[in-house]
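Notes for the one structure printed next.
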Amino acid sequence: MLVFALLLAAAVPAAPPYAMPGEAAVAPYQAKDSNAEARPYTGDFMARAFHGRAGIARVAGDLVDRAYADPVIGEIFKGHDKVRPTRTLFEQFCYIIGAGCTYSGRDMIASHKDLGVQQADMNRLVELLQRAMRDEKVPFAAQNRLLARLAPMRGHVVQK
Amino acid sequence: MDFTRSCGVAGALLLAATLASPASAGEPRGGGKLLLTNGISTIEGSAGGGLTPWAVIAGNATKDGVGVQSGITVAALRSYDFRSLDLAIGAWDRIELSYAHQRFDTNKVGGKLGLGNNYKFDQDIWGAKLRLAGDAVYGPALLPAVAVGAQYKKSLSGAIVHAIGARHSGGTDVYASATKLFLARSILVDTTARLTKANQTGLLGFGGDRGGGYTLQAESSVAWQLSRRFAIGAEYRTKPDRLSIAHESDWADLFAVLAIGRHLTATVAYADLGAIATEKGQRGLLLQLQGSF
C-alpha cells in the first residue's frame with residue numbers, strides 16, 4: 001500500500017513553479033537559475049555566515065513580514081500573496097549565497113513589473129533586509145556581500 | 001555678521017529648491033537615500049568626504065525628490081582655528097548646489113605676520129555639481145558614480161591675500177570625481193581630479209609668485225563601512241604651492257563617521273594639513289555635525 005502511494009506520488013508531476021499549491025498563480029514562465037540574476041557564491045563561507053538554509057529562511061521570512069507591514073513600502077504589497085514571495089526570495093537568497101538551492105522564481109523584471117517601485121522603496125527594502133540579517137546575527141561584511149550581488153539588479157526593479 | 005550673511009544665502013538656496021520642480025513625472029518624494037550615501041559636507045560645501053568632493057549628491061532625496069544638507073565644521077590646529085558653515089541642495093540625485101563660508105583664524109600667528117593677533121581670513125564658496133553617470137551603490141559593481149563640479153571661491157580678505165603675493169582674490173576650481181561603494185568588501189573609494197589656482201583652498205588667494213595658471217591636483221578618499229551607521233577612513237589631497245613666503249603642503253586625514261540618525265551625521269577626523277602660512281606641522285582635530293533631509 002505504501003509502495004503504491006509512493007509510486008503514485010512519483011507519477012504525478014510536481015506543480016510547475018508558476019502554479020504552486022497555496023500560492024497565487026502567475027503567468028507561466030520557464031524556471032531557470034539565471035532568473036535570479038546574480039552569480040552564486042562558491043565555498044561555504046556565506047552559507048555559514050547566514051546559518052545555513054534555516055537562517056536564510058528566517059531572513060527571507062522576516063524580510064517579507066517586515067516589508068508587508070512597513071508603513072513606507074507596505075502599500076506596494078497590499079492585496080498581494082505573501083506565500084510565493086517568501087518562497088522565491090528564500091530560493092533566490094539561498095541560490096546566491098551558495099547554500100545549495102535552485103531558483104524557481106521569475107526574473108527581476110517580470111517579478112517587479114507594475115509594482116511601481118521607486119528608488120526610495122528599494123532603499124527601504126535594503127534597510128529592512130539589513131534589519132532581518134542583523135537579527136539573524138549575520139556579520140556585517142557578509143550582509144554587504146549579499147547586497148553586492150543584489151545591487152546590480154536595481155535597473156530591473158526600480159521603475160524608470 | 002558673516003554667519004548672518006550665510007543665513008541669508010541659506011534662505012535664498014532653500015527658496016530656489018522650493019521653486020524647483022522635478023524633472024520626472026509624479027509626486028516629488030523627500031528622503032529615501034541609504035544612510036551615509038549622501039556623504040558628509042566637505043569644508044568647501046560640496047557633499048563628499050571632509051576634504052574632497054565625491055560623486056554623490058547632497059541631501060537625503062533620491063532621483064524622485066529634492067533634499068538639503070547643512071553642516072558646521074570646526075578644526076583646531078596647532079597654531080590656527082578653522083570653521084566652515086555650509087548648505088547644499090541636492091535635486092533628483094543629479095544636481096547639487098552648495099554654499100560654504102570658511103573662516104580661518106590666525107590666532108597669535110596673525111600678530112607675527114603683522115596682520116594683528118586673531119586676524120581672520122574669510123571666504124565664500126559657491127559650488128555646483130552634476131552627476132553624469134553611474135551610482136555609488138547600485139548598478140554594475142565596477143561602474144562608479146561619476147560627477148563633475150565647479151567651486152567659485154571669493155576671498156573676503158582681498159587686500160591681505162594680494163599683500164602676501166596672491167595674484168587674485170577669487171577663482172574657480174573645476175573637478176571630476178568617481179565614487180563607488182564596493183559592497184563585497186564594504187569599502188568606498190573616491191578619486192577626484194581638480195584644476196585649481198587656489199592657495200589653501202583659496203583662503204590665501206589664487207596664484208602667486210610661483211605661477212598663476214591652473215594646476216592639476218589629485219584627491220582621494222577611502223572609507224571602510226563597519227556597520228550600517230559607522231565608517232572609518234582616510235583622505236589625501238594634493239595642493240599647489242604657489243606662494244614662496246608661505247609653503248603649502250598636501251593634506252591628509254583619518255576620519256570616523258557616525259550616522260546618529262537619518263537626519264544627523266557626526267564626523268571626527270585627525271587632520272595633518274602640514275605647513276600653513278609660514279607655520280609647519282599644522283595637525284589637529286576636525287569635528288563636523290551635519291543635518292540632512
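Chain identifiers are assigned as A, B, and so on, following the order in which chains appear in the C-alpha cells; residues are numbered from 1 within each chain, and ligands are numbered from 1 in order of appearance.
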
For the contact check between range 5-107 of chain A and range 141-145 of chain A, emit one row per residue of range 5-107 of chain A within 9 Å, containing the shortest atom pair and the distance in Å rounded to one decimal, counting only C-alpha atoms, chain then rising number order, as JSON lines.
```
{"residue": "A:Phe45", "atom": "CA", "partner": "A:Ala142", "partner_atom": "CA", "distance": 8.7}
{"residue": "A:Met46", "atom": "CA", "partner": "A:Ala142", "partner_atom": "CA", "distance": 6.5}
{"residue": "A:Ala49", "atom": "CA", "partner": "A:Ala142", "partner_atom": "CA", "distance": 6.5}
{"residue": "A:Phe50", "atom": "CA", "partner": "A:Ala142", "partner_atom": "CA", "distance": 8.0}
{"residue": "A:Ile97", "atom": "CA", "partner": "A:Arg145", "partner_atom": "CA", "distance": 9.0}
```

Distance query range 127-135 of chain B at most 10 Å, only C-alpha atoms, self and fewer than 5 positions along chain excluded, as a VMD selection string: chain B and resid 44 to 47 53 to 58 88 to 91 93 to 100 140 to 153 172 to 181

Find the residues in chain A near chain B: any atom within 10 Å counts, using only C-alpha atoms. Write them as a PyMOL selection string. chain A and resi 72+118-124+126-127+130-131+134+139-156+160

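As for CA of Leu204 in chain B and CA of Ser249 in chain B, they are spaced 13.3 Å apart.
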
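Taking CA of Arg103 in chain B as the reference point, CA of Arg83 in chain B is found at 5.4 Å.
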
Compile the contact shell of range 98-105 of chain A as a PyMOL selection string: residues with an atom at most 9 Å away, counting only C-alpha atoms, same-chain residues fewer than 2 positions apart removed. chain A and resi 17-18+29-36+40-48+52-53+56+84-85+87-96+107+111

For Leu264 in chain B: contacts at 7 Å, only C-alpha atoms, fewer than 4 positions along chain excluded, given as a ChimeraX atom specification: /B:259-260,290-292

Store the residues picked out above in a file with C-alpha atoms, as a PDB file, in the first residue's frame.
```pdb
ATOM      1  CA  ALA B 259      25.025  58.360  11.274  1.00  0.00           C
ATOM      2  CA  ILE B 260      23.349  59.265  14.558  1.00  0.00           C
ATOM      3  CA  GLN B 290      25.703  67.623   9.579  1.00  0.00           C
ATOM      4  CA  GLY B 291      21.973  67.637   9.217  1.00  0.00           C
ATOM      5  CA  SER B 292      20.262  66.278   6.120  1.00  0.00           C
TER       6      SER B 292
END
```

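Computed from the coordinates, the CA of Asp250 in chain B to CA of Ala275 in chain B distance equals 8.7 Å.
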
Gln159 in chain A: which residues within 9 Å, counting only C-alpha atoms, same-chain residues fewer than 5 positions away excluded, as a list of chain:residue names? A:His112, A:Lys113, A:Asp114, A:Leu115, A:Gly116, A:Val117, A:Gln118, A:Gln119

Would you mind exporting N, CA and C atoms of the selected residues as an mmCIF file, in the first residue's frame?
```cif
data_model
loop_
_atom_site.group_PDB
_atom_site.id
_atom_site.type_symbol
_atom_site.label_atom_id
_atom_site.label_comp_id
_atom_site.auth_asym_id
_atom_site.auth_seq_id
_atom_site.Cartn_x
_atom_site.Cartn_y
_atom_site.Cartn_z
ATOM 1 N N HIS A 112 8.813 42.239 -10.713
ATOM 2 C CA HIS A 112 8.573 43.566 -10.141
ATOM 3 C C HIS A 112 7.716 44.446 -11.043
ATOM 4 N N LYS A 113 7.300 43.871 -12.178
ATOM 5 C CA LYS A 113 6.502 44.628 -13.142
ATOM 6 C C LYS A 113 5.227 45.146 -12.474
ATOM 7 N N ASP A 114 4.912 46.378 -12.764
ATOM 8 C CA ASP A 114 3.675 47.006 -12.293
ATOM 9 C C ASP A 114 3.609 47.241 -10.780
ATOM 10 N N LEU A 115 4.700 46.950 -10.049
ATOM 11 C CA LEU A 115 4.683 47.261 -8.614
ATOM 12 C C LEU A 115 4.958 48.749 -8.376
ATOM 13 N N GLY A 116 5.504 49.428 -9.370
ATOM 14 C CA GLY A 116 5.777 50.863 -9.221
ATOM 15 C C GLY A 116 6.834 51.164 -8.180
ATOM 16 N N VAL A 117 7.867 50.327 -8.124
ATOM 17 C CA VAL A 117 8.912 50.500 -7.111
ATOM 18 C C VAL A 117 9.775 51.711 -7.444
ATOM 19 N N GLN A 118 9.878 52.648 -6.498
ATOM 20 C CA GLN A 118 10.770 53.799 -6.663
ATOM 21 C C GLN A 118 12.090 53.512 -5.954
ATOM 22 N N GLN A 119 13.091 54.349 -6.260
ATOM 23 C CA GLN A 119 14.404 54.161 -5.636
ATOM 24 C C GLN A 119 14.312 54.150 -4.108
#
```

Alpha helix (DSSP H) per DSSP on the backbone: members of range 16-97 of chain A, as a PyMOL selection string: chain A and resi 45-49+52-69+83-97

Apply DSSP to the structure's backbone, then extract all residues of range 231-274 of chain B labelled strand (DSSP E) and return them as a list in words. Ala231, Ile232, Gly233, Ala234, Glu235, Tyr236, Arg237, Trp251, Ala252, Asp253, Leu254, Phe255, Ala256, Val257, Leu258, Ala259, Ile260, Gly261, Leu264, Thr265, Ala266, Thr267, Val268, Ala269, Tyr270, Ala271 and Asp272 of chain B

List as a list in words the protein and nucleic acid residues near Gln123 in chain B, meaning an atom at most 10 Å away when only C-alpha atoms are counted, but skip any in the same chain fewer than 4 places from it. Asp2, Glu44, Ser84, Ala100, His101, Gln102, Arg103, Phe104, Lys153, Lys154, Ser155, Leu156, Ser157, Gly158, Ser169, Gly170, Thr201, Gly202, Leu203, Leu204 and Gly205 of chain B
